[in-house]
Each structure stands twice: as C-alpha cells, then as structure tokens.
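Reading through the structure tokens given below for one structure.
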Amino acid sequence: MHRRTLSAATTLAVLFSSVALVATGAGSAVADSSTTLPLKSTGDIVVDGVHQRVFISDPTAGQVVVTDYAGTVVATVGSLPGVHGLELSPDSGTLYAAVHDATAIVAIDTATATENRRWSTGQGAGPAYVALAGGKLWFSYGASGDGNIGSLDPNATDPGLTLGQDTSRTFYEAPILDASPGAPGTLAAGAPGQSPVELAVYDVSSGTATRTAYARDPGDTGGGNLQDLAVTPDGKGVVTASGAPYYQPVYKLSDLSADGKYVTNTYPNAVDIAPNGDVAAGTFSWYDPDVHVFKPGTSLPLKQYDFPNTGTSSGSDTLAPAGLAWAPDESKLFAISQNDDNVYSLRILDAPAKTSTTLTANAPATATRAKSLTLTGTLSSSAAFPAGTKVSVTRTDDESPSGKPLGTATVAADGSYSFTDTPPAGGKVTYTVRYAGDADHAGATASASTTVAKTATTLTLSNDGKVYDYGRDVTFTAHLGTTYKNRTVEIWADPYGSDKPNALVKKGKVNSAGDLSATIRLTRDTKVSAKFTGDTRYAPKTVTNSVYTRVKVSTSLSGYYKSATAWNQKYFYFRKSKDPVHNTTMSMYPGRKYQLRVQRYSDGAWRTTTTEYFALDRYGKDAATLDGTPPVGPRFRIRSSYIDTKSGDNVNTTTYGAWKYFVFTR
C-alpha cells in the first residue's frame, strides 16, 4: 500500500473559491481456350470422339502426346523416334502411328494410351504417313527419288505387309495420304513440300494400289509447297493446303480437275474436314487470321480465328503445319499453334461451324424484394434467327444458390426480349440468360445482377444507458421482430479497455415472444450488442447499448480516539497531536488514480479545501496521512472517488466514495 503525507496547513485551509472538475460472326475471333503442350515439334493430330482424346505426334521427341478435350495432357506414348502420321481406326479403339526412324507401324490402344503392337516395315522403308482404305492400312515411305506406298492388314495374324504398291513410282519422297469412308476403296496422295503441287489417286479396293488419276499443278494454280490434304466425306473430292495459291483448292478425285476453292489468306498449311463436310482451313499468318471455317461449297469463311501473340516477336502465334483436327461430332475444332520461342499450344475452338451469337442481359441496379422487376436484353447474330426463338432464364440468389429455372422469353424480330420476375429473396440476385443454339447458331450465355433490398428487421436490446454497481449480474434481453427463417440472435459484451475483447455471451433462437436473454456480470463500462445475421428476406441488424459500471471503492480513517454521532453523521475524533490516516481500496486498473477531496464546513456550507489525484498500488490501495497542525473545532470530511478519464482511464463510470467526517480536539 502506498503511504503519502499531505500538509495540514494546505489541506485544511479554508478556500472560498469554487473548484471545477471536468462472341463474333465471320470476323476474327480468338480460341475459346488453350493450354501449352510439352512438344518439341509436331507431325500430325487426330481426335478420338469415343474417349474424347486428342493425339499429337512429336517426331523430334519421339512421342505421341495425349490430351483430353480441355487440352490437359493425360498420357504420353514414348519410344516412337521420328513418329509422324497418325490414323484412327473406325471404332476409335486403335491409333496407328508411322514411326519413321524405327521403320515401323505402331498400334496404340486409345483407351489406355499404350502401345499394343508393332509391325516392322523393313530397312529403308521408314513410314511417314498412314491412311485406312479398302480394308488395309496404307503407309508412305522413302526419300530421294524412292517415295512409294506400302500396305498391311492390321487385323490379320499375318499382316501381309507389301511394299512398292505405287508401281508408277509417282513421288520423289513419301507422299501425304488420306482416304474417306465415302470412297472406301480410294486413296489420295500428294507430294509434301514440292513445287508445283503433285497429286495422285489410287483404287485400292482390290488390296493393291492402281493409280487412277494424276496431276502436276492441278488446276494450273501455280501452287507449291504442299503441307496437307483431306478427302471430302462423300469421297468425291480432295482439298489441299499449300504455300501457294492463297486458298485451299478443291479437286475431283475422279480426274483431279479443279472443283472450287476455300479462300483464306497467305501461306495455307492445314486442312481438315468434319464428317458433315464443314471445312477447317489453316494458314501460316503472323498478322492475319490463322483458322478459317467454311460450310461445304462456300468460298467465304463462316468464321475466322486469329491467334494471340504469346511470344516476343511482333507477329502473333502461327498454326503448325497440318495442325487442325475436328472432333467427330463437330462440337470442337482443335488447332496446334507455335510462338517464336517454340512453345506449342493446343487451342480449342468451340462450336466452330456455327455462326457466333451475341447475347446481352440487363437488370435494374437495385430492386425491392417481393416487387416485380423486368429483365431485358438482345440476341444477335450475322445469320437470322427463326421466328419463335427463345432464351431461358435462371435466377440465382441466397434461396436458390444453385440456380432456379424461371422459364423462357421469346425473342422479338428485332432481337430484343424481356422477362418479368418477382425476386423473393434479398441481397445479390443474378439472372442468367441462355440461348441453346441451333443447327446454324452457336449457343450464348449472358448474366445480369441486381441488388434487392431486404426487409428491415426490428431488433431491440434492454438496459441502454443504465448505471450499475461493480460486480452486478445484469440480465439483458434482446427482442427480435418478424423474420423469414432465421430466428437466431447473438448477444455480445465488449468491456471498455483494450485488454478485454468483444466476446460472445450467448447465441440461440429467440423464444415464442421473440426474446433471448443473457446475464452479464459487470465490472466495467460495457457495450452490449444484439446481432441478427439476417436471412434471405430480412436484413441483418445489430443494436448496441452502452451500460456503465461504478468502481468498487471503500475507505476508512485510522488514528482517531473515538467516534460518535453528531450533526446527523458519524464523526471520528482526532487529537490535535495525532495525524489522521485516510485509507482507500478501489477496484484496480493499470495506471489508475483516485481523487482525494477534503472539505470544511464553513458559513453554513461544505467548502472544498483541496482536491488531488493519487496513484493506487497494484492491489488498488493507498493511504494518505494528514500531518501538520490542524485547527481545533471545525468540522471536516474526506472521500476518495473515481473520476472517469481524469483518474487515468475510462473503463468505469464516475464513482464517488462515501464521505468520512472528522473533528480535531485538544
């Protein structure tokens, strides 16, 4: 306990003054998605629609990389040095690969992406391209004047491998091969990289190859540097892609006469034809579109795709030679691109043969719950929509987080639509509008959000502003008005002072009267809060009350020789020679001081003689001694108080201690 001494001459002097305490159409588009590929080079690409896999040959790395339809690599088939041409069996169960440097044809199980058979083609007959026709697998091989065609039966125990099937010795080196189910006994071939373009057609229905058509610079296009070719699904034509001319020409398989063109741009290098006849034509173009999609027999593209620049050059990424492949159901077109850092990507083009569709949706920025609002928007495309076209509407909100279908809206002739809804829930409400697409139009999706005001919640809390004694157990009652489903309330207590955090006192459902009560023992001024977190229809609400708590203070006088009742108070009597000691005990808080005030009764009133603040020790105690020579006869009183803020902190409300009355005698 602190002990301190105050001069009686100052403390007990009479003071007469008062003291104050204070999506696009045929224009250029980008791929819908893309992923990088672990490739060092590319040879060929085929798509397996049954297993939804994409197979890409990498001659330099000697591997076939397998991805899913999203472009994620799911497997790699290795030990295939110089692998180039690929062909998928009609049942999609087997992928045939021409492995040039191993002089072999390899069969890969598409379900497991593992090699399951290998046929040697013999020394000097390293295969380059493969195609299925007439019940056999045909492969090209040879270089430097020895280009030729061979065959084998992949389903036979004895494959009956036969080389030198092109008795006319048509090609200088291994030609590009292709065939179509529309002409099951026909094989088309073209000399890669040669100028002018050189093509040949073979009847292979008998199991041997008989050349039925041949052309050097067919159609007199002056074209050269053949990169790819594809036979049409009906088996009547072949489409080529060569560095020149700047379009993909079409030739009749019967005699290789010109039969149309698909106009693209500089340096055609790829072509693939979907089962329904849609044509994907590719070009090596730094500054122009790279992929061009045509409806069969049309000369202008339905849609074009321009690759972005992922490298460091000024030009964009470019299409790899023969780097296009349709999904069998025409839902996707896969393209292999390459940047100037030799990074390859698989670009996935969704619904490439359908006209792009643009859909918009607009909703008011704010709305009132349970009141109708109108959603509007437009559906547009370069191709007209049939009458009665509809869009579907789904609402997503706190009551339907997975979305709730609301119905459809009919698109007007001008492409506009409107839809009226009455949102039951408040908060963020999102409307998703979908156009499913049709045979000619790609689907589209648009969304719009509105903030729906929730109904205000009634929440009250008892005892605001009341003052309580130290250590009092006080019951607080929260009352919750009407809500939708949530009837839970939380009661929190946050005592003054940084050492006491805001704490949850009680959480629970209110009773049938809407009340929830909690009892809190108060030792400090406290902010008591009732919280309702809200529900889908009623807004959250918090109400905070402040209640005030007195300190606990006790005082005593020591050194007196008697006490007696006088002037309606208990007085303590001290000899003039004895120094009174005033003892104070107060509930403690770090740095807390108490106010000591002494008053003298004079001229019919109590008048303050001194007011001072003294620090309490760590136990909340202090003792003040009044020394010196006091006056004999006058009445005095003394008390200790806690004064909010002035006592060094603000964690309690101002609390005045009891007066102690005393008199000095001789």
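By convention here, the chains of the structure tokens are called A, B, ... in the order presented, each chain's residues are numbered starting at 1, and ligands are numbered starting at 1 in the order presented.
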Those of range 68-171 of chain A in DSSP strand (DSSP E), formatted as a PyMOL selection string
chain A and resi 68+73-77+83-88+94-99+104-109+114-120+127-133+136-141+148-152
Which polymer residues have any atom within 8 Å of an atom of range 335-344 of chain A, counting only C-alpha atoms, with same-chain residues fewer than 2 positions away left out, as a PyMOL selection string?
chain A and resi 36-40+307+309-313+316-320+323-325+333+346-349
Set the distance at 10 Å and use only C-alpha atoms: which residues neighbour Thr410 in chain A once local chain neighbours fewer than 5 positions away are removed? I'd like the list as number ranges by chain.
A: 387-392, 415-419
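Taking only C-alpha atoms into account, Ser498 in chain A lies nearest to A:Asn650 out of the set A:Tyr69, A:Leu522, A:Asn650, A:Ala183.
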Residues at most 10 Å from Gly62 in chain A, counting only C-alpha atoms, excluding those fewer than 4 positions away in the same chain, as a ChimeraX atom specification?
/A:39-41,57-58,77-84,99-102
Kindly save the residues from that selection, with C-alpha atoms included, as a PDB file, in the first residue's frame.
```
ATOM      1  CA  LEU A  39       6.193 -30.685 -77.588  1.00  0.00           C
ATOM      2  CA  LYS A  40       9.467 -30.186 -79.447  1.00  0.00           C
ATOM      3  CA  SER A  41       7.812 -30.495 -82.860  1.00  0.00           C
ATOM      4  CA  SER A  57       2.722 -36.776 -82.790  1.00  0.00           C
ATOM      5  CA  ASP A  58       6.090 -35.227 -81.925  1.00  0.00           C
ATOM      6  CA  VAL A  77       3.374 -42.702 -75.513  1.00  0.00           C
ATOM      7  CA  GLY A  78       7.163 -42.806 -75.909  1.00  0.00           C
ATOM      8  CA  SER A  79       9.819 -44.833 -77.765  1.00  0.00           C
ATOM      9  CA  LEU A  80       8.488 -43.646 -81.116  1.00  0.00           C
ATOM     10  CA  PRO A  81      11.501 -41.986 -82.806  1.00  0.00           C
ATOM     11  CA  GLY A  82      10.500 -39.854 -85.775  1.00  0.00           C
ATOM     12  CA  VAL A  83       6.776 -40.569 -85.341  1.00  0.00           C
ATOM     13  CA  HIS A  84       4.755 -38.568 -87.832  1.00  0.00           C
ATOM     14  CA  VAL A  99       7.327 -44.312 -86.740  1.00  0.00           C
ATOM     15  CA  HIS A 100       9.869 -43.345 -89.368  1.00  0.00           C
ATOM     16  CA  ASP A 101      13.152 -43.764 -87.532  1.00  0.00           C
ATOM     17  CA  ALA A 102      12.133 -47.164 -86.147  1.00  0.00           C
TER      18      ALA A 102
END
```
Pick from A:Lys136, A:Lys428, A:Arg537, A:Arg524 nearest to Tyr589 in chain A, counting only C-alpha atoms:
A:Arg524
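The shell of residues at most 12 Å from Pro634 in chain A, with only C-alpha atoms counted and near chain neighbours (fewer than 2 positions) removed, consists of Leu12, Ala13, Val14, Tyr571, Tyr573, Phe574, Lys576, Gln599, Arg600, Tyr601, Ser602, Asp603, Gly604, Trp606, Arg607, Pro630, Pro631, Val632, Phe636, Arg637, Tyr661, Phe662, Val663, Phe664 and Thr665 of chain A.
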Can you write out the residues you just picked, keeping C-alpha atoms, as an mmCIF file, in the first residue's frame?
```
data_model
loop_
_atom_site.group_PDB
_atom_site.id
_atom_site.type_symbol
_atom_site.label_atom_id
_atom_site.label_comp_id
_atom_site.auth_asym_id
_atom_site.auth_seq_id
_atom_site.Cartn_x
_atom_site.Cartn_y
_atom_site.Cartn_z
ATOM 1 C CA LEU A 12 -7.294 22.148 5.733
ATOM 2 C CA ALA A 13 -7.108 25.813 4.763
ATOM 3 C CA VAL A 14 -10.456 27.438 4.022
ATOM 4 C CA TYR A 571 -17.853 11.649 13.218
ATOM 5 C CA TYR A 573 -12.451 12.438 16.682
ATOM 6 C CA PHE A 574 -8.699 13.018 16.487
ATOM 7 C CA LYS A 576 -4.688 17.668 17.576
ATOM 8 C CA GLN A 599 -13.952 19.783 2.606
ATOM 9 C CA ARG A 600 -14.514 22.057 5.651
ATOM 10 C CA TYR A 601 -17.862 23.186 6.926
ATOM 11 C CA SER A 602 -17.883 26.974 6.959
ATOM 12 C CA ASP A 603 -20.571 29.656 6.879
ATOM 13 C CA GLY A 604 -23.328 27.037 6.627
ATOM 14 C CA TRP A 606 -19.233 22.460 2.898
ATOM 15 C CA ARG A 607 -16.349 24.072 1.079
ATOM 16 C CA PRO A 630 -4.749 21.255 12.325
ATOM 17 C CA PRO A 631 -7.348 23.703 13.656
ATOM 18 C CA VAL A 632 -9.350 22.538 16.659
ATOM 19 C CA PHE A 636 -14.126 18.229 8.126
ATOM 20 C CA ARG A 637 -14.958 15.472 5.727
ATOM 21 C CA TYR A 661 -16.461 13.029 8.773
ATOM 22 C CA PHE A 662 -13.905 14.028 11.422
ATOM 23 C CA VAL A 663 -13.049 16.714 14.039
ATOM 24 C CA PHE A 664 -9.844 17.690 15.811
ATOM 25 C CA THR A 665 -9.802 18.208 19.599
#
```
Residue neighbourhood Ser554 in chain A, 8 Å, only C-alpha atoms, exclusion window fewer than 2 positions, as a count of residues only:
7
